[in-house]
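Just below is one structure, and these are the notes that go with it.
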Amino acid sequence: MQFIPEYREDLPRVERFNFVSRMTHWGHTVTFILCLLTGLLLFMDGMDWMAPIFGGFNGANMVHRVAAVFMTLFIGIFVVFDFKGIINWIKDILRFGINDIKFIMVFPLEFLGFPVKVPPQTRFNGGEKGNSIVTPTCVILLMLSGYIMWFPMIFPAGLVRISYPIHDLAMIFATLMVCMHGYLGSFHPGSGESFWGMWKGTVRKDWAQHHHAIWYEETYGDKTKDAE
Ligand code: HEM
Ligand code: HEM
């Protein structure tokens with residue numbers, strides 16, 4: 001395993017994510033992790049050792065709900081201030097095609113760190129398109145079931161009852177996805193450069209050309225040719 005690739009200011013870079021996407025992404029990452037740790041403490045006996053960190057079970061319950069409200073706010077900010085970005089994101093997911101299927105077929109090798117030729121990808125590759133559907137769906141289910149459990153008096157009893165297993169299952173799926181996603185977006189030798197896109201907003205031009213050739217060509221191709 002290597003650490004996050006060095007941020008190379010000396011090499012040409014291209015913009016990948018705007019400020020609102022980055023701020024809300026890291027906002028929901030921090031709140032997701034806080035909800036996960038405090039939720040696991042409430043969920044599993046084996047996690048009792050974490051209780052003192054959050055000031056006991058009542059403290060953990062409080063942190064869970066405060067983090068949940070902030071998570072909702074970050075998602076709200078994303079929707080209000082980058083609605084166009086969300087529409088473009090959805091349009092990109094809907095472009096799922098043969099190159100995405102080819103990507104998913106070579107992905108296990110790419111994940112294990114073998115050098116693979118990535119078929120030309122749009123803004124999000126086949127795996128990221130999958131992640132863009134599964135993880136946000138789980139987060140929406142976590143939010144809906146979470147608020148229903150929080151205010152059981154205003155919802156039908158049956159809905160409150162099924163919210164518990166929904167919350168737990170969505171937590172398990174989202175956590176598995178986030179573990180894989182977090183590794184790919186940071187320490188992974190091939191795709192770790194994407195971290196800088198989410199942290200500082202830009203990625204190396206050569207990396208963008210290799211990993212997201214279609215997106216690069218559509219977004220910067222003509223401009224680069226004009227400048228040459
Ligand atoms: C808006 C988002 C969320 C809200 C409103 C919310 C709310 C709640 C509430 C009210 C409870 C019940 C606490 C109790 O037993 O009294 C709970 C439990 C729990 N939450 Fe969340 N939560 C949210 C997000 C998350 C996230 C992101 C995770 C993890 C990834 C998570 C994991 C858990 C777990 C594991 C439990 C324990 C469930 C059980 O006892 O069966 N929650 N949540
Ligand atoms: C654990 C630490 C995390 C790291 C290091 C990380 C890193 C990244 C990076 C680098 C990207 C941009 C990928 C690209 O260039 O296309 C990204 C996108 C994204 N992140 Fe995260 N992320 C983390 C946690 C989370 C969490 C907790 C969630 C949601 C619960 C999440 C949801 C997403 C989604 C939906 C995308 C867009 C689709 C994709 O690129 O897969 N991330 N993340």
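Note on naming: chains are A, B, ... as they come in the structure tokens, residues start from 1 per chain, ligands start from 1 in the order shown.
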- Message: Need the shell around Arg22 (chain A): protein/DNA/RNA residues with any atom at most 9 Å away, counting only C-alpha atoms. Skip same-chain ones fewer than 5 positions apart. Format as a PyMOL selection string?
- Response: chain A and resi 17+27+197-201
- Message: Show me, as a PyMOL selection string, the residues that have an atom within 12 Å of region 29-42 of chain A when counting only C-alpha atoms, minus same-chain residues fewer than 6 positions from it.
- Response: chain A and resi 21-23+48-75+135-136+138-139+142-143+146+164+167-168+170-176+178-179+181-182+198
Can you write out the residues you just picked, keeping C-alpha atoms, as a short mmCIF file (atom, residue, chain, number, x, y, z; two decimals), in the first residue's frame?
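Writing the result to again-v8.cif gives the following:
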```
data_model
loop_
_atom_site.label_atom_id
_atom_site.label_comp_id
_atom_site.auth_asym_id
_atom_site.auth_seq_id
_atom_site.Cartn_x
_atom_site.Cartn_y
_atom_site.Cartn_z
CA SER A 21 -19.04 19.51 -4.35
CA ARG A 22 -15.81 19.27 -2.36
CA MET A 23 -17.09 21.01 0.76
CA ASP A 48 -18.72 -0.76 24.20
CA TRP A 49 -15.04 0.25 24.49
CA MET A 50 -15.87 3.31 22.37
CA ALA A 51 -18.50 4.60 24.84
CA PRO A 52 -16.09 6.85 26.86
CA ILE A 53 -14.99 8.62 23.62
CA PHE A 54 -18.53 9.92 23.09
CA GLY A 55 -19.38 10.50 26.75
CA GLY A 56 -21.25 7.22 27.24
CA PHE A 57 -24.32 5.85 25.42
CA ASN A 58 -26.38 9.02 25.92
CA GLY A 59 -23.52 11.09 24.53
CA ALA A 60 -23.21 8.76 21.52
CA ASN A 61 -26.95 9.02 20.91
CA MET A 62 -26.69 12.81 20.99
CA VAL A 63 -23.60 12.88 18.67
CA HIS A 64 -25.44 10.52 16.27
CA ARG A 65 -28.39 12.88 15.99
CA VAL A 66 -26.32 16.08 15.75
CA ALA A 67 -24.12 14.49 13.02
CA ALA A 68 -27.27 13.26 11.25
CA VAL A 69 -28.70 16.81 11.17
CA PHE A 70 -25.39 18.18 9.78
CA MET A 71 -25.30 15.37 7.19
CA THR A 72 -28.80 16.39 6.09
CA LEU A 73 -27.69 20.05 5.93
CA PHE A 74 -24.63 19.21 3.77
CA ILE A 75 -26.80 17.25 1.36
CA THR A 135 -24.11 4.75 -1.80
CA PRO A 136 -26.48 7.74 -2.17
CA CYS A 138 -28.23 3.81 1.11
CA VAL A 139 -27.66 7.30 2.56
CA LEU A 142 -30.49 5.88 6.33
CA MET A 143 -31.87 9.42 6.50
CA GLY A 146 -33.37 7.55 10.84
CA TYR A 164 -34.84 -0.45 12.24
CA HIS A 167 -31.38 1.45 8.89
CA ASP A 168 -29.14 -1.49 9.83
CA ALA A 170 -28.38 0.37 4.66
CA MET A 171 -25.62 1.00 7.23
CA ILE A 172 -23.94 -2.35 6.34
CA PHE A 173 -24.11 -1.80 2.54
CA ALA A 174 -23.04 1.86 2.74
CA THR A 175 -20.12 0.98 5.03
CA LEU A 176 -18.86 -1.77 2.69
CA VAL A 178 -17.44 3.49 1.61
CA CYS A 179 -14.51 1.26 2.73
CA HIS A 181 -14.50 3.80 -2.17
CA GLY A 182 -12.34 5.49 0.47
CA MET A 198 -11.86 16.05 -4.31
#
```
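If you count only C-alpha atoms and ignore residues fewer than 6 places along the chain from region 85-92 of chain A, what sits within 12 Å of it is Arg16, Phe17, Asn18, Phe19, Val20, Ser21, Arg22, Ile75, Gly76, Ile77, Phe78, Val79, Asp100, Gln121, Thr122, Arg123, Phe124, Asn125, Gly126, Glu128, Lys129, Gly130, Ser132, Ile133, Pro136, Ile214 and Trp215 of chain A.
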Would you mind exporting the chosen residues as a PDB file, in the first residue's frame, restricted to C-alpha atoms?
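This went into part-v9.pdb:
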```
ATOM      1  CA  ARG A  16     -12.459  18.162 -11.620  1.00  0.00           C
ATOM      2  CA  PHE A  17     -14.719  19.230  -8.712  1.00  0.00           C
ATOM      3  CA  ASN A  18     -15.989  22.689  -7.743  1.00  0.00           C
ATOM      4  CA  PHE A  19     -15.917  24.108  -4.215  1.00  0.00           C
ATOM      5  CA  VAL A  20     -19.522  23.194  -3.320  1.00  0.00           C
ATOM      6  CA  SER A  21     -19.043  19.509  -4.350  1.00  0.00           C
ATOM      7  CA  ARG A  22     -15.810  19.272  -2.362  1.00  0.00           C
ATOM      8  CA  ILE A  75     -26.802  17.248   1.361  1.00  0.00           C
ATOM      9  CA  GLY A  76     -29.302  20.136   1.316  1.00  0.00           C
ATOM     10  CA  ILE A  77     -26.493  22.629   0.551  1.00  0.00           C
ATOM     11  CA  PHE A  78     -25.313  20.372  -2.299  1.00  0.00           C
ATOM     12  CA  VAL A  79     -28.816  20.226  -3.794  1.00  0.00           C
ATOM     13  CA  ASP A 100     -18.316   0.939 -18.429  1.00  0.00           C
ATOM     14  CA  GLN A 121     -14.384   6.572 -19.494  1.00  0.00           C
ATOM     15  CA  THR A 122     -16.750   9.516 -19.113  1.00  0.00           C
ATOM     16  CA  ARG A 123     -16.668  11.843 -16.042  1.00  0.00           C
ATOM     17  CA  PHE A 124     -17.325   8.851 -13.740  1.00  0.00           C
ATOM     18  CA  ASN A 125     -16.036   5.381 -14.599  1.00  0.00           C
ATOM     19  CA  GLY A 126     -18.201   2.238 -14.531  1.00  0.00           C
ATOM     20  CA  GLU A 128     -18.041   5.157  -9.830  1.00  0.00           C
ATOM     21  CA  LYS A 129     -21.352   5.075 -11.676  1.00  0.00           C
ATOM     22  CA  GLY A 130     -22.278   2.017  -9.566  1.00  0.00           C
ATOM     23  CA  SER A 132     -23.085   6.868  -7.428  1.00  0.00           C
ATOM     24  CA  ILE A 133     -26.255   4.769  -7.331  1.00  0.00           C
ATOM     25  CA  PRO A 136     -26.480   7.741  -2.174  1.00  0.00           C
ATOM     26  CA  ILE A 214     -13.962  10.774 -22.840  1.00  0.00           C
ATOM     27  CA  TRP A 215     -14.591  13.350 -20.070  1.00  0.00           C
TER      28      TRP A 215
END
```
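With distances taken over only C-alpha atoms and all ligand atoms, A:Glu193 is the one residue among A:Asp206, A:Glu193, A:Asp10, A:Asp45 lying closest to ligand 2.
In this model, the gap between atom 1 (C, counted along the ligand's line) of ligand 1 and CA of Leu94 (chain A) comes to 26.7 Å.
Distance annotation: of A:Trp207, A:Phe43, A:Tyr216, A:Trp196, the residue with the minimal separation from ligand 1 is A:Phe43; atom set is only C-alpha atoms and all ligand atoms.
The spacing separating atom 21 (Fe, counted along the ligand's line) of ligand 1 from CA of Leu184 (chain A) amounts to 25.3 Å.
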- Item | Non-local contacts of Phe3 (chain A) (10 Å; only C-alpha atoms; under 5 positions in same chain excluded) as a VMD selection string | chain A and resid 186 to 189 192
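Nearest to ligand 2 of all the residues A:Phe81, A:Trp26, A:Tyr7, A:Phe155 is A:Trp26, counting only C-alpha atoms and all ligand atoms.
Proximity of A:Ile162, A:Ala157, A:Ile93, A:Val106 to ligand 2, computed with only C-alpha atoms and all ligand atoms, is greatest for A:Ile93.
Comparing A:Ile104, A:Leu141, A:Val14, A:Val80 by their smallest distance to ligand 1, the closest is A:Leu141 (using only C-alpha atoms and all ligand atoms).
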- Note on the structure: Counting only C-alpha atoms and all ligand atoms, the residue among A:Gly221, A:Gly127, A:Pro152, A:Gly158 that lies closest to ligand 1 is A:Pro152
- Task: Please return as number ranges by chain: the residues of region 5-223 of chain A that backbone DSSP assigns to helix (DSSP H, G or I).
- Result: A: 19-43, 45-54, 56-81, 83-93, 98-111, 126-150, 152-154, 157-184, 194-199, 205-211, 213-223
